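Peer 1: Just one file: start34.txt, with compact mmCIF, C-alpha atoms (C1' of nucleotides).
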# COMPACT_ATOMS: atom_id res chain seq x y z
CA MET B 10 20.99 35.23 3.61
CA ALA B 11 18.23 36.42 5.93
CA ARG B 12 17.27 33.81 8.47
CA ALA B 13 13.80 32.31 8.40
CA GLY B 14 13.78 31.84 12.17
CA LEU B 15 12.31 28.36 12.00
CA THR B 16 11.65 26.17 15.01
CA THR B 17 10.55 22.58 15.29
CA ALA B 18 7.06 23.77 16.17
CA ALA B 19 6.94 26.00 13.11
CA VAL B 20 7.99 23.09 10.92
CA VAL B 21 5.19 20.98 12.39
CA ASP B 22 2.75 23.83 11.79
CA ALA B 23 3.72 23.93 8.15
CA ALA B 24 3.56 20.14 7.93
CA ILE B 25 -0.01 20.19 9.20
CA ASP B 26 -0.95 22.74 6.57
CA VAL B 27 0.60 20.50 3.95
CA VAL B 28 -1.34 17.51 5.25
CA ASP B 29 -4.57 19.51 5.14
CA GLU B 30 -3.94 20.59 1.58
CA ARG B 31 -2.37 17.55 -0.01
CA GLY B 32 -3.30 14.66 2.24
CA VAL B 33 -1.11 12.25 4.15
CA GLU B 34 0.71 11.08 1.02
CA GLY B 35 1.51 14.68 0.16
CA LEU B 36 3.44 15.26 3.36
CA THR B 37 6.92 15.56 1.92
CA LEU B 38 9.99 17.44 3.08
CA ALA B 39 10.06 19.34 -0.20
CA ALA B 40 6.50 20.56 0.36
CA VAL B 41 7.21 21.60 3.94
CA ALA B 42 10.41 23.34 2.85
CA ALA B 43 8.59 25.27 0.14
CA ARG B 44 5.92 26.35 2.59
CA THR B 45 8.44 27.52 5.17
CA GLY B 46 10.57 29.28 2.56
CA VAL B 47 13.63 27.19 3.21
CA ALA B 48 15.70 24.61 1.34
CA ALA B 49 14.75 21.03 2.10
CA PRO B 50 18.00 20.02 3.84
CA SER B 51 17.61 22.94 6.23
CA LEU B 52 14.65 21.17 7.80
CA TYR B 53 17.07 18.65 9.26
CA LYS B 54 18.21 21.35 11.68
CA HIS B 55 14.80 21.08 13.33
CA VAL B 56 13.63 17.56 12.59
CA GLY B 57 15.58 14.32 12.50
CA SER B 58 13.86 12.70 9.55
CA LEU B 59 10.61 12.52 7.67
CA ALA B 60 9.51 9.68 9.94
CA GLU B 61 10.13 11.84 12.99
CA LEU B 62 8.20 14.72 11.41
CA ARG B 63 5.29 12.39 10.79
CA ALA B 64 5.38 11.31 14.40
CA LEU B 65 5.44 14.94 15.55
CA VAL B 66 2.49 15.74 13.34
CA GLY B 67 0.69 12.71 14.73
CA VAL B 68 1.33 13.90 18.26
CA ARG B 69 0.11 17.38 17.45
CA VAL B 70 -3.10 16.00 16.02
CA MET B 71 -3.64 13.70 18.99
CA GLU B 72 -3.17 16.65 21.32
CA GLU B 73 -5.67 18.69 19.34
CA MET B 74 -8.09 15.80 19.60
CA ILE B 75 -7.49 15.38 23.34
CA GLU B 76 -8.17 19.07 23.81
CA ARG B 77 -11.45 18.95 21.96
CA LEU B 78 -12.61 15.72 23.53
CA THR B 79 -11.78 16.93 27.01
CA MET B 80 -13.69 20.17 26.52
CA ALA B 81 -16.65 18.38 25.01
CA VAL B 82 -16.90 15.78 27.74
CA LEU B 83 -16.35 18.18 30.60
CA SER B 84 -19.12 18.10 33.18
CA ARG B 85 -20.93 15.32 31.38
CA SER B 86 -21.22 11.73 32.42
CA GLY B 87 -22.75 8.41 31.52
CA ASP B 88 -24.45 7.88 28.19
CA ASP B 89 -24.37 11.60 27.54
CA ALA B 90 -20.59 11.74 27.86
CA VAL B 91 -20.09 8.67 25.69
CA ALA B 92 -22.32 10.01 22.94
CA VAL B 93 -20.63 13.40 22.98
CA LEU B 94 -17.20 11.78 22.86
CA MET B 95 -18.21 9.75 19.84
CA HIS B 96 -19.76 12.72 18.08
CA THR B 97 -16.74 14.90 18.75
CA CYS B 98 -14.41 12.32 17.23
CA ARG B 99 -16.53 12.12 14.12
CA ASP B 100 -16.87 15.88 13.81
CA TYR B 101 -13.12 16.32 14.07
CA ALA B 102 -12.49 13.77 11.35
CA LEU B 103 -15.10 15.35 9.09
CA GLU B 104 -13.49 18.73 9.59
CA HIS B 105 -9.93 17.47 9.08
CA PRO B 106 -10.00 14.09 7.36
CA ALA B 107 -6.32 14.16 6.49
CA ARG B 108 -5.33 15.01 10.04
CA TYR B 109 -7.34 12.12 11.36
CA ALA B 110 -5.57 9.83 8.90
CA VAL B 111 -2.14 11.03 10.00
CA MET B 112 -2.66 9.75 13.53
CA PRO B 113 -0.60 6.59 14.02
CA PRO B 114 -2.71 3.44 14.41
CA ASP B 115 -0.35 2.18 17.10
CA PRO B 116 0.85 5.23 19.03
CA LEU B 117 1.91 3.18 22.04
CA GLN B 118 4.50 1.28 20.00
CA ASN B 119 6.54 4.40 19.26
CA PRO B 120 8.24 6.25 22.14
CA ALA B 121 7.70 9.53 20.32
CA THR B 122 3.92 9.09 20.25
CA ALA B 123 3.32 6.89 23.28
CA ALA B 124 2.62 9.67 25.77
CA ALA B 125 0.03 11.41 23.61
CA GLY B 126 -1.51 8.07 22.69
CA ALA B 127 -1.84 7.12 26.33
CA ARG B 128 -3.47 10.43 27.18
CA LEU B 129 -5.92 10.05 24.33
CA LEU B 130 -6.77 6.60 25.57
CA ASP B 131 -7.25 8.06 29.04
CA VAL B 132 -10.08 10.22 27.76
CA PHE B 133 -11.85 7.13 26.52
CA LEU B 134 -11.23 5.42 29.83
CA ALA B 135 -12.47 8.40 31.82
CA VAL B 136 -15.75 8.50 29.97
CA LEU B 137 -16.39 4.86 30.84
CA ARG B 138 -15.26 5.16 34.44
CA GLY B 139 -18.71 6.04 35.69
CA TYR B 140 -20.15 2.73 34.62
CA GLY B 141 -18.31 0.92 37.38
CA LEU B 142 -16.78 -1.63 35.07
CA GLU B 143 -14.13 -3.82 36.63
CA GLY B 144 -11.16 -5.65 35.21
CA SER B 145 -11.69 -7.28 31.86
CA ALA B 146 -15.13 -5.73 31.41
CA ALA B 147 -13.53 -2.30 31.45
CA ILE B 148 -10.91 -3.41 28.95
CA HIS B 149 -13.45 -4.87 26.56
CA ALA B 150 -15.66 -1.81 26.80
CA THR B 151 -12.81 0.58 26.11
CA ARG B 152 -11.58 -1.44 23.17
CA SER B 153 -15.10 -1.73 21.78
CA LEU B 154 -15.62 1.99 21.98
CA ARG B 155 -12.37 2.57 20.19
CA VAL B 156 -13.20 -0.02 17.54
CA ILE B 157 -16.58 1.51 16.75
CA VAL B 158 -15.33 5.08 16.65
CA HIS B 159 -12.25 4.30 14.61
CA GLY B 160 -14.05 1.87 12.33
CA PHE B 161 -16.79 4.31 11.41
CA VAL B 162 -14.70 7.44 11.29
CA SER B 163 -11.85 5.98 9.27
CA ILE B 164 -14.19 4.51 6.67
CA GLU B 165 -16.12 7.75 6.44
CA ALA B 166 -13.00 9.92 6.23
CA ALA B 167 -11.65 7.72 3.45
CA GLY B 168 -14.90 8.06 1.54
CA GLY B 169 -15.47 4.36 2.01
CA PHE B 170 -19.23 4.49 2.45
CA GLY B 171 -20.91 4.49 -0.92
CA LEU B 172 -23.39 7.30 -0.44
CA PRO B 173 -23.25 9.85 2.37
CA GLU B 174 -26.95 9.27 2.79
CA ASP B 175 -28.13 8.65 6.35
CA LEU B 176 -24.59 8.33 7.65
CA ALA B 177 -25.46 10.33 10.74
CA ASP B 178 -28.27 7.85 11.40
CA THR B 179 -25.90 4.94 11.07
CA TYR B 180 -23.60 6.53 13.60
CA GLU B 181 -26.52 7.08 15.98
CA HIS B 182 -27.36 3.44 15.54
CA LEU B 183 -23.81 2.46 16.48
CA ILE B 184 -23.86 4.76 19.50
CA GLY B 185 -27.08 3.16 20.63
CA MET B 186 -25.63 -0.29 20.10
CA PHE B 187 -22.62 0.52 22.23
CA LEU B 188 -24.62 2.14 25.01
CA ALA B 189 -26.97 -0.84 25.10
CA SER B 190 -24.01 -3.17 25.45
CA LEU B 191 -22.80 -1.15 28.43
CA SER B 192 -26.04 -1.80 30.25
CA ASP B 193 -25.54 -5.53 29.89
CA MET B 194 -22.16 -5.64 31.59
CA MET Z 12 18.36 -12.51 -23.50
CA ALA Z 13 16.13 -15.36 -22.33
CA ARG Z 14 12.58 -14.24 -21.82
CA ALA Z 15 11.07 -14.36 -18.38
CA GLY Z 16 7.61 -15.08 -19.75
CA LEU Z 17 5.89 -12.70 -17.39
CA THR Z 18 2.19 -12.01 -17.35
CA THR Z 19 0.13 -9.48 -15.47
CA ALA Z 20 -1.02 -12.22 -13.13
CA ALA Z 21 2.56 -13.27 -12.43
CA VAL Z 22 3.47 -9.68 -11.62
CA VAL Z 23 0.57 -9.49 -9.18
CA ASP Z 24 1.69 -12.79 -7.64
CA ALA Z 25 5.14 -11.37 -7.05
CA ALA Z 26 3.67 -8.13 -5.73
CA ILE Z 27 1.67 -10.05 -3.15
CA ASP Z 28 4.82 -11.85 -2.02
CA VAL Z 29 6.53 -8.49 -1.67
CA VAL Z 30 3.62 -7.14 0.36
CA ASP Z 31 3.75 -10.18 2.63
CA GLU Z 32 7.47 -9.76 3.19
CA ARG Z 33 7.93 -6.02 3.34
CA GLY Z 34 4.50 -4.62 4.08
CA VAL Z 35 2.37 -2.23 2.12
CA GLU Z 36 5.04 0.49 2.11
CA GLY Z 37 7.54 -2.00 0.73
CA LEU Z 38 5.51 -2.63 -2.41
CA THR Z 39 7.78 -0.99 -4.93
CA LEU Z 40 8.34 -1.65 -8.61
CA ALA Z 41 12.02 -2.27 -7.92
CA ALA Z 42 11.17 -4.98 -5.40
CA VAL Z 43 8.68 -6.66 -7.73
CA ALA Z 44 11.18 -6.47 -10.58
CA ALA Z 45 13.89 -8.09 -8.47
CA ARG Z 46 11.55 -10.88 -7.45
CA THR Z 47 10.45 -11.57 -11.01
CA GLY Z 48 14.02 -11.42 -12.33
CA VAL Z 49 13.34 -8.53 -14.63
CA ALA Z 50 14.41 -4.89 -14.93
CA ALA Z 51 11.99 -2.46 -13.37
CA PRO Z 52 10.88 -0.73 -16.60
CA SER Z 53 9.93 -4.10 -18.07
CA LEU Z 54 7.06 -4.28 -15.62
CA TYR Z 55 5.34 -1.53 -17.57
CA LYS Z 56 4.70 -4.07 -20.31
CA HIS Z 57 2.29 -5.79 -17.94
CA VAL Z 58 1.10 -3.06 -15.62
CA GLY Z 59 0.29 0.56 -16.34
CA SER Z 60 1.68 2.10 -13.19
CA LEU Z 61 2.40 1.46 -9.55
CA ALA Z 62 -1.07 2.74 -8.69
CA GLU Z 63 -2.60 0.22 -11.07
CA LEU Z 64 -0.51 -2.57 -9.59
CA ARG Z 65 -1.70 -1.61 -6.13
CA ALA Z 66 -5.28 -1.74 -7.35
CA LEU Z 67 -4.70 -5.16 -8.92
CA VAL Z 68 -3.19 -6.44 -5.69
CA GLY Z 69 -6.16 -5.03 -3.80
CA VAL Z 70 -8.54 -6.82 -6.10
CA ARG Z 71 -6.65 -10.08 -5.73
CA VAL Z 72 -6.82 -9.83 -1.96
CA MET Z 73 -10.51 -8.97 -2.01
CA GLU Z 74 -11.15 -11.99 -4.20
CA GLU Z 75 -9.21 -14.20 -1.83
CA MET Z 76 -11.27 -12.83 1.01
CA ILE Z 77 -14.55 -13.33 -0.87
CA GLU Z 78 -13.56 -16.93 -1.56
CA ARG Z 79 -12.83 -17.65 2.08
CA LEU Z 80 -15.88 -15.85 3.41
CA THR Z 81 -18.16 -17.56 0.94
CA MET Z 82 -16.82 -21.00 1.85
CA ALA Z 83 -17.05 -20.27 5.56
CA VAL Z 84 -20.59 -18.96 5.45
CA LEU Z 85 -21.91 -21.64 3.13
CA SER Z 86 -24.89 -23.49 4.54
CA ARG Z 87 -24.97 -21.35 7.63
CA SER Z 88 -27.49 -18.70 8.52
CA GLY Z 89 -28.51 -16.24 11.18
CA ASP Z 90 -26.26 -15.52 14.13
CA ASP Z 91 -24.10 -18.49 13.23
CA ALA Z 92 -23.37 -17.10 9.77
CA VAL Z 93 -22.65 -13.61 11.11
CA ALA Z 94 -20.27 -14.90 13.75
CA VAL Z 95 -18.43 -17.09 11.25
CA LEU Z 96 -18.14 -14.22 8.81
CA MET Z 97 -16.63 -12.02 11.48
CA HIS Z 98 -14.23 -14.69 12.66
CA THR Z 99 -13.11 -15.47 9.14
CA CYS Z 100 -12.32 -11.83 8.46
CA ARG Z 101 -10.24 -11.64 11.60
CA ASP Z 102 -8.44 -14.90 10.91
CA TYR Z 103 -7.52 -13.78 7.42
CA ALA Z 104 -6.10 -10.50 8.70
CA LEU Z 105 -4.12 -12.29 11.40
CA GLU Z 106 -2.68 -14.65 8.81
CA HIS Z 107 -1.90 -11.90 6.30
CA PRO Z 108 -1.86 -8.54 8.05
CA ALA Z 109 -0.14 -6.77 5.18
CA ARG Z 110 -2.61 -8.14 2.64
CA TYR Z 111 -5.50 -6.90 4.72
CA ALA Z 112 -3.90 -3.46 4.82
CA VAL Z 113 -3.48 -3.36 1.05
CA MET Z 114 -7.22 -3.54 0.46
CA PRO Z 115 -8.48 -0.12 -0.61
CA PRO Z 116 -10.70 1.56 1.99
CA ASP Z 117 -12.99 2.84 -0.76
CA PRO Z 118 -13.04 0.15 -3.46
CA LEU Z 119 -16.26 1.46 -4.98
CA GLN Z 120 -14.66 4.79 -5.89
CA ASN Z 121 -12.17 3.18 -8.28
CA PRO Z 122 -13.45 1.46 -11.45
CA ALA Z 123 -10.60 -1.03 -11.20
CA THR Z 124 -11.67 -2.21 -7.74
CA ALA Z 125 -15.39 -1.48 -7.80
CA ALA Z 126 -16.54 -4.90 -8.97
CA ALA Z 127 -14.59 -6.84 -6.37
CA GLY Z 128 -15.61 -4.35 -3.69
CA ALA Z 129 -19.25 -4.78 -4.58
CA ARG Z 130 -18.99 -8.56 -4.46
CA LEU Z 131 -17.29 -8.40 -1.08
CA LEU Z 132 -20.07 -6.18 0.18
CA ASP Z 133 -22.56 -8.67 -1.21
CA VAL Z 134 -21.25 -11.33 1.13
CA PHE Z 135 -21.94 -9.06 4.07
CA LEU Z 136 -25.40 -8.32 2.71
CA ALA Z 137 -26.15 -11.98 2.13
CA VAL Z 138 -25.34 -12.89 5.69
CA LEU Z 139 -27.81 -10.31 6.97
CA ARG Z 140 -30.53 -11.16 4.47
CA GLY Z 141 -32.13 -13.75 6.71
CA TYR Z 142 -32.96 -11.19 9.36
CA GLY Z 143 -35.65 -9.69 7.19
CA LEU Z 144 -34.33 -6.17 7.53
CA GLU Z 145 -35.95 -3.64 5.24
CA GLY Z 146 -34.74 -0.36 3.78
CA SER Z 147 -32.68 1.78 6.08
CA ALA Z 148 -32.50 -0.87 8.78
CA ALA Z 149 -30.67 -3.15 6.36
CA ILE Z 150 -28.31 -0.35 5.40
CA HIS Z 151 -27.50 0.54 8.99
CA ALA Z 152 -26.96 -3.10 9.92
CA THR Z 153 -24.61 -3.72 7.01
CA ARG Z 154 -22.62 -0.61 7.70
CA SER Z 155 -22.43 -1.43 11.38
CA LEU Z 156 -21.15 -4.90 10.67
CA ARG Z 157 -18.52 -3.48 8.38
CA VAL Z 158 -17.54 -0.83 10.92
CA ILE Z 159 -17.06 -3.34 13.71
CA VAL Z 160 -15.14 -5.84 11.62
CA HIS Z 161 -12.90 -3.26 9.98
CA GLY Z 162 -12.41 -1.29 13.16
CA PHE Z 163 -11.27 -4.28 15.18
CA VAL Z 164 -9.30 -6.03 12.48
CA SER Z 165 -7.46 -2.97 11.23
CA ILE Z 166 -6.41 -1.93 14.72
CA GLU Z 167 -5.32 -5.47 15.54
CA ALA Z 168 -3.43 -5.94 12.27
CA ALA Z 169 -1.61 -2.66 12.84
CA GLY Z 170 -0.61 -3.78 16.33
CA GLY Z 171 -2.72 -0.99 17.74
CA PHE Z 172 -4.00 -2.82 20.78
CA GLY Z 173 -1.50 -2.54 23.58
CA LEU Z 174 -1.36 -6.13 24.74
CA PRO Z 175 -2.70 -9.07 22.74
CA GLU Z 176 -4.24 -10.29 25.96
CA ASP Z 177 -7.89 -11.31 25.76
CA LEU Z 178 -8.25 -9.90 22.27
CA ALA Z 179 -10.32 -12.89 21.23
CA ASP Z 180 -12.66 -12.16 24.12
CA THR Z 181 -13.00 -8.55 23.06
CA TYR Z 182 -13.95 -9.70 19.58
CA GLU Z 183 -16.53 -12.09 21.01
CA HIS Z 184 -17.90 -9.21 23.00
CA LEU Z 185 -18.24 -7.14 19.83
CA ILE Z 186 -19.89 -10.02 17.99
CA GLY Z 187 -22.38 -10.36 20.81
CA MET Z 188 -23.01 -6.63 20.78
CA PHE Z 189 -23.76 -6.66 17.07
CA LEU Z 190 -26.00 -9.73 17.25
CA ALA Z 191 -27.94 -8.22 20.12
CA SER Z 192 -28.49 -5.06 18.11
CA LEU Z 193 -29.91 -7.14 15.26
CA SER Z 194 -32.59 -8.54 17.56
CA ASP Z 195 -33.72 -5.02 18.39
CA MET Z 196 -34.39 -3.97 14.81
C1' DG O 11 11.84 -22.95 -44.53
C1' DA O 12 12.42 -17.58 -45.02
C1' DG O 13 10.94 -13.51 -43.54
C1' DC O 14 7.88 -10.16 -41.32
C1' DT O 15 5.74 -8.50 -37.23
C1' DG O 16 4.94 -7.63 -32.62
C1' DA O 17 5.46 -8.47 -27.88
C1' DG O 18 8.59 -8.65 -24.17
C1' DG O 19 12.71 -7.71 -22.76
C1' DC O 20 16.74 -4.25 -22.23
C1' DT O 21 19.65 0.27 -21.29
C1' DA O 22 19.77 5.14 -20.72
C1' DC O 23 17.64 8.95 -18.99
C1' DT O 24 14.64 12.41 -16.31
C1' DG O 25 12.71 14.29 -12.28
C1' DA O 26 11.25 13.81 -7.52
C1' DT O 27 12.50 12.52 -2.92
C1' DG O 28 15.09 11.56 1.49
C1' DT O 29 19.42 12.18 3.41
C1' DT O 30 24.45 13.41 4.29
C1' DA O 31 28.51 16.39 4.17
C1' DG O 32 30.60 20.44 4.47
C1' DC O 33 30.62 25.44 3.88
C1' DT O 34 29.04 30.18 5.23
C1' DT O 35 27.02 33.48 7.88
C1' DA O 36 23.96 35.56 11.18
C1' DA O 37 22.99 35.96 16.04
C1' DT O 38 24.54 35.74 20.71
C1' DG O 39 27.40 35.99 24.86
C1' DG O 40 31.54 37.23 27.14
C1' DC P 10 34.79 43.22 19.47
C1' DC P 11 35.61 38.69 18.87
C1' DA P 12 34.50 33.59 19.40
C1' DT P 13 31.18 30.25 19.30
C1' DT P 14 27.12 28.16 17.91
C1' DA P 15 23.18 27.46 15.42
C1' DA P 16 20.71 28.05 11.14
C1' DG P 17 20.87 28.49 6.74
C1' DC P 18 22.93 27.14 2.10
C1' DT P 19 24.83 24.21 -2.13
C1' DA P 20 26.47 19.94 -3.82
C1' DA P 21 26.06 15.31 -4.02
C1' DC P 22 24.19 10.42 -3.62
C1' DA P 23 20.78 6.62 -3.52
C1' DT P 24 16.35 5.17 -4.54
C1' DC P 25 12.05 5.62 -6.81
C1' DA P 26 8.46 6.04 -10.67
C1' DG P 27 8.11 6.67 -15.25
C1' DT P 28 9.50 7.53 -20.49
C1' DA P 29 12.02 6.76 -24.85
C1' DG P 30 13.97 4.05 -27.90
C1' DC P 31 16.50 -0.13 -29.20
C1' DC P 32 16.99 -5.23 -29.71
C1' DT P 33 15.60 -9.85 -30.15
C1' DC P 34 13.00 -13.80 -29.68
C1' DA P 35 8.69 -16.25 -31.07
C1' DG P 36 5.20 -17.19 -33.86
C1' DC P 37 2.66 -16.58 -38.04
C1' DT P 38 2.32 -16.18 -43.07
C1' DC P 39 3.73 -17.15 -47.61
Take the structure in the file and write it out as structure tokens.

Peer 2:
Amino acid sequence: MARAGLTTAAVVDAAIDVVDERGVEGLTLAAVAARTGVAAPSLYKHVGSLAELRALVGVRVMEEMIERLTMAVLSRSGDDAVAVLMHTCRDYALEHPARYAVMPPDPLQNPATAAAGARLLDVFLAVLRGYGLEGSAAIHATRSLRVIVHGFVSIEAAGGFGLPEDLADTYEHLIGMFLASLSDM
Amino acid sequence: MARAGLTTAAVVDAAIDVVDERGVEGLTLAAVAARTGVAAPSLYKHVGSLAELRALVGVRVMEEMIERLTMAVLSRSGDDAVAVLMHTCRDYALEHPARYAVMPPDPLQNPATAAAGARLLDVFLAVLRGYGLEGSAAIHATRSLRVIVHGFVSIEAAGGFGLPEDLADTYEHLIGMFLASLSDM
DNA sequence: GAGCTGAGGCTACTGATGTTAGCTTAATGG
DNA sequence: CCATTAAGCTAACATCAGTAGCCTCAGCTC
């Protein structure tokens, strides 16, 4: 009985591969076990439950996203930073639609995902900081940015837009709409 | 063995109750069977599979939504109609968060849901018709409206906004943003 | 009214999945 | 070199979706 030398991180790695290949619904302990060369119950040595594994995968994806957004936005500001943030989110989701879908819609509600969720939100906040928004204006702007990005990207990743035609233009249109609304605040 | 006198419609009725009570994940053939007073395999006399039942439930919800949106928008036009449409979508999702979540994100991809999806989209199109948008402008506007509504409503229904504070204001802000963008087209 | 037919139930079963319990053994530290 | 611990394993259970095949009620025909 040679040991596989698994770790929690390795299990999450395998889980992400499974998500990429078989989608969110396909993330099953059996699939992860097969991919790691281990019997399914053995995974419980590294992960408390399927729900916990899903949360860990969600955190990993959020961290990947934070990394990319931070890099993309670095040394940019104003409309430029906002546009790049929005584009980077879309590009990530187009590259890894299943990963985008595995991110929890309410990360702050779950202690396991709250920290990563808050840091992801911080990136959105940081990009809007330069506009000098105060109080509720800042809140509305941040929420609106999130709504537009998530609305577009989730529909696109799910294949919800009929034809892919001119989708980039539609996104540009939405970016313009949001930037215009920032000027009016 | 007294007959239950089930029909496909009755099964869908029960399925919607189950969705309301236990959420989208809780929609299981066992739960529907229990609620209809029938053994689980008997459901296959009325429904081809769980996937088909989910599609039927999705269609039912879309039809309910179409009904409400149509009534709400009737004899309204312009910004008034758009705002009412957006509010009605949000109100429905707040009343029935699980039902909103059971709507397929890509109804047009599935023959079983395509017709209802197209009719739902038609309501969105109709509301924008009065603005005299042509060609790609009409497409971008419709998509944008859908993005904003779905983005906000899905995050809210999932409990994704940290605090419920001022959420109505944020939605008003988004409505204003969209209406302003229509004037610029 | 008798009987045939078919639809709508049922039970029994299979295979997949998450999860628990308990055993065994490999690695590690004294 | 042994004791402990952690990482595997098999066996088992509950819950699902789905299939096969039987039974019976209801309605239609003669």

Peer 1: Within 10 Å of segment 16-32 of chain O, counting all atoms listed in the file, which residues qualify if same-chain residues fewer than 4 places away don't, as number ranges by chain?

Peer 2: B: 37-39, 49-50, 53, 58-59; Z: 12-18, 49-50, 52-54, 56-57; P: 19-36

Peer 1: Quick one: distance from atom CA of Phe170 of chain B to atom CA of Leu131 of chain Z in Å, one decimal?

Peer 2: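 Separating atom CA of Phe170 of chain B from atom CA of Leu131 of chain Z is a distance of 13.5 Å.
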
Peer 1: Using atom CA of Ala123 of chain B and atom CA of Pro106 of chain B as the two end points, give the distance in Å to one decimal.

Peer 2: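 Between atom CA of Ala123 of chain B and atom CA of Pro106 of chain B the gap is 22.0 Å.
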
Peer 1: Taking all atoms listed in the file into account, which residues of chain B are within 8 Å of chain Z, as a ChimeraX atom specification?

Peer 2: /B:114-118,149,152-153,156-161,164,167-171,178-179,182-183,186-187,190

Peer 1: Those residues you just picked out, can you put them in a file as a compact mmCIF listing (two decimals), keeping the file's coordinate frame with C-alpha atoms?

Peer 2:
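After the write, result_1.txt holds the following:
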# COMPACT_ATOMS: atom_id res chain seq x y z
CA PRO B 114 -2.71 3.44 14.41
CA ASP B 115 -0.35 2.18 17.10
CA PRO B 116 0.85 5.23 19.03
CA LEU B 117 1.91 3.18 22.04
CA GLN B 118 4.50 1.28 20.00
CA HIS B 149 -13.45 -4.87 26.56
CA ARG B 152 -11.58 -1.44 23.17
CA SER B 153 -15.10 -1.73 21.78
CA VAL B 156 -13.20 -0.02 17.54
CA ILE B 157 -16.58 1.51 16.75
CA VAL B 158 -15.33 5.08 16.65
CA HIS B 159 -12.25 4.30 14.61
CA GLY B 160 -14.05 1.87 12.33
CA PHE B 161 -16.79 4.31 11.41
CA ILE B 164 -14.19 4.51 6.67
CA ALA B 167 -11.65 7.72 3.45
CA GLY B 168 -14.90 8.06 1.54
CA GLY B 169 -15.47 4.36 2.01
CA PHE B 170 -19.23 4.49 2.45
CA GLY B 171 -20.91 4.49 -0.92
CA ASP B 178 -28.27 7.85 11.40
CA THR B 179 -25.90 4.94 11.07
CA HIS B 182 -27.36 3.44 15.54
CA LEU B 183 -23.81 2.46 16.48
CA MET B 186 -25.63 -0.29 20.10
CA PHE B 187 -22.62 0.52 22.23
CA SER B 190 -24.01 -3.17 25.45

Peer 1: What separation in Å, quoted to one decimal, exists between atom CA of Ile27 of chain Z and atom CA of Val72 of chain Z?

Peer 2: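 These atoms are spaced 8.6 Å apart.
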
Peer 1: Please work out which residues fall within 8 Å of (-11.8, 12.0, 21.6), coordinates as given in the file, with only C-alpha atoms (C1' of nucleotides) counting, and return them as a ChimeraX atom specification.

Peer 2: /B:74-75,77-79,94-95,97-98,129,132-133

Peer 1: For DG13 of chain O, list every protein, DNA or RNA residue within 12 Å, evaluated using all atoms listed in the file, and leave out those in the same chain fewer than 2 positions away; present the list as a list in words.

Peer 2: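 Within the cut-off, the hits are DG11 and DT15 of chain O; DG36, DC37, DT38 and DC39 of chain P.
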
Peer 1: Could you list, as a JSON list (two decimals) with C-alpha atoms (C1' of nucleotides), keeping the file's coordinate frame, every residue within 10 Å of segment 36-40 of chain O, counting all atoms listed in the file and ignoring same-chain residues fewer than 6 positions away?

Peer 2:
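The resulting result33.json:
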[["chain", "number", "residue", "atom", "x", "y", "z"],
["B", 10, "MET", "CA", 20.99, 35.23, 3.61],
["B", 11, "ALA", "CA", 18.23, 36.42, 5.93],
["B", 12, "ARG", "CA", 17.27, 33.81, 8.47],
["P", 11, "DC", "C1'", 35.61, 38.69, 18.87],
["P", 12, "DA", "C1'", 34.50, 33.59, 19.40],
["P", 13, "DT", "C1'", 31.18, 30.25, 19.30],
["P", 14, "DT", "C1'", 27.12, 28.16, 17.91],
["P", 15, "DA", "C1'", 23.18, 27.46, 15.42],
["P", 16, "DA", "C1'", 20.71, 28.05, 11.14],
["P", 17, "DG", "C1'", 20.87, 28.49, 6.74]]
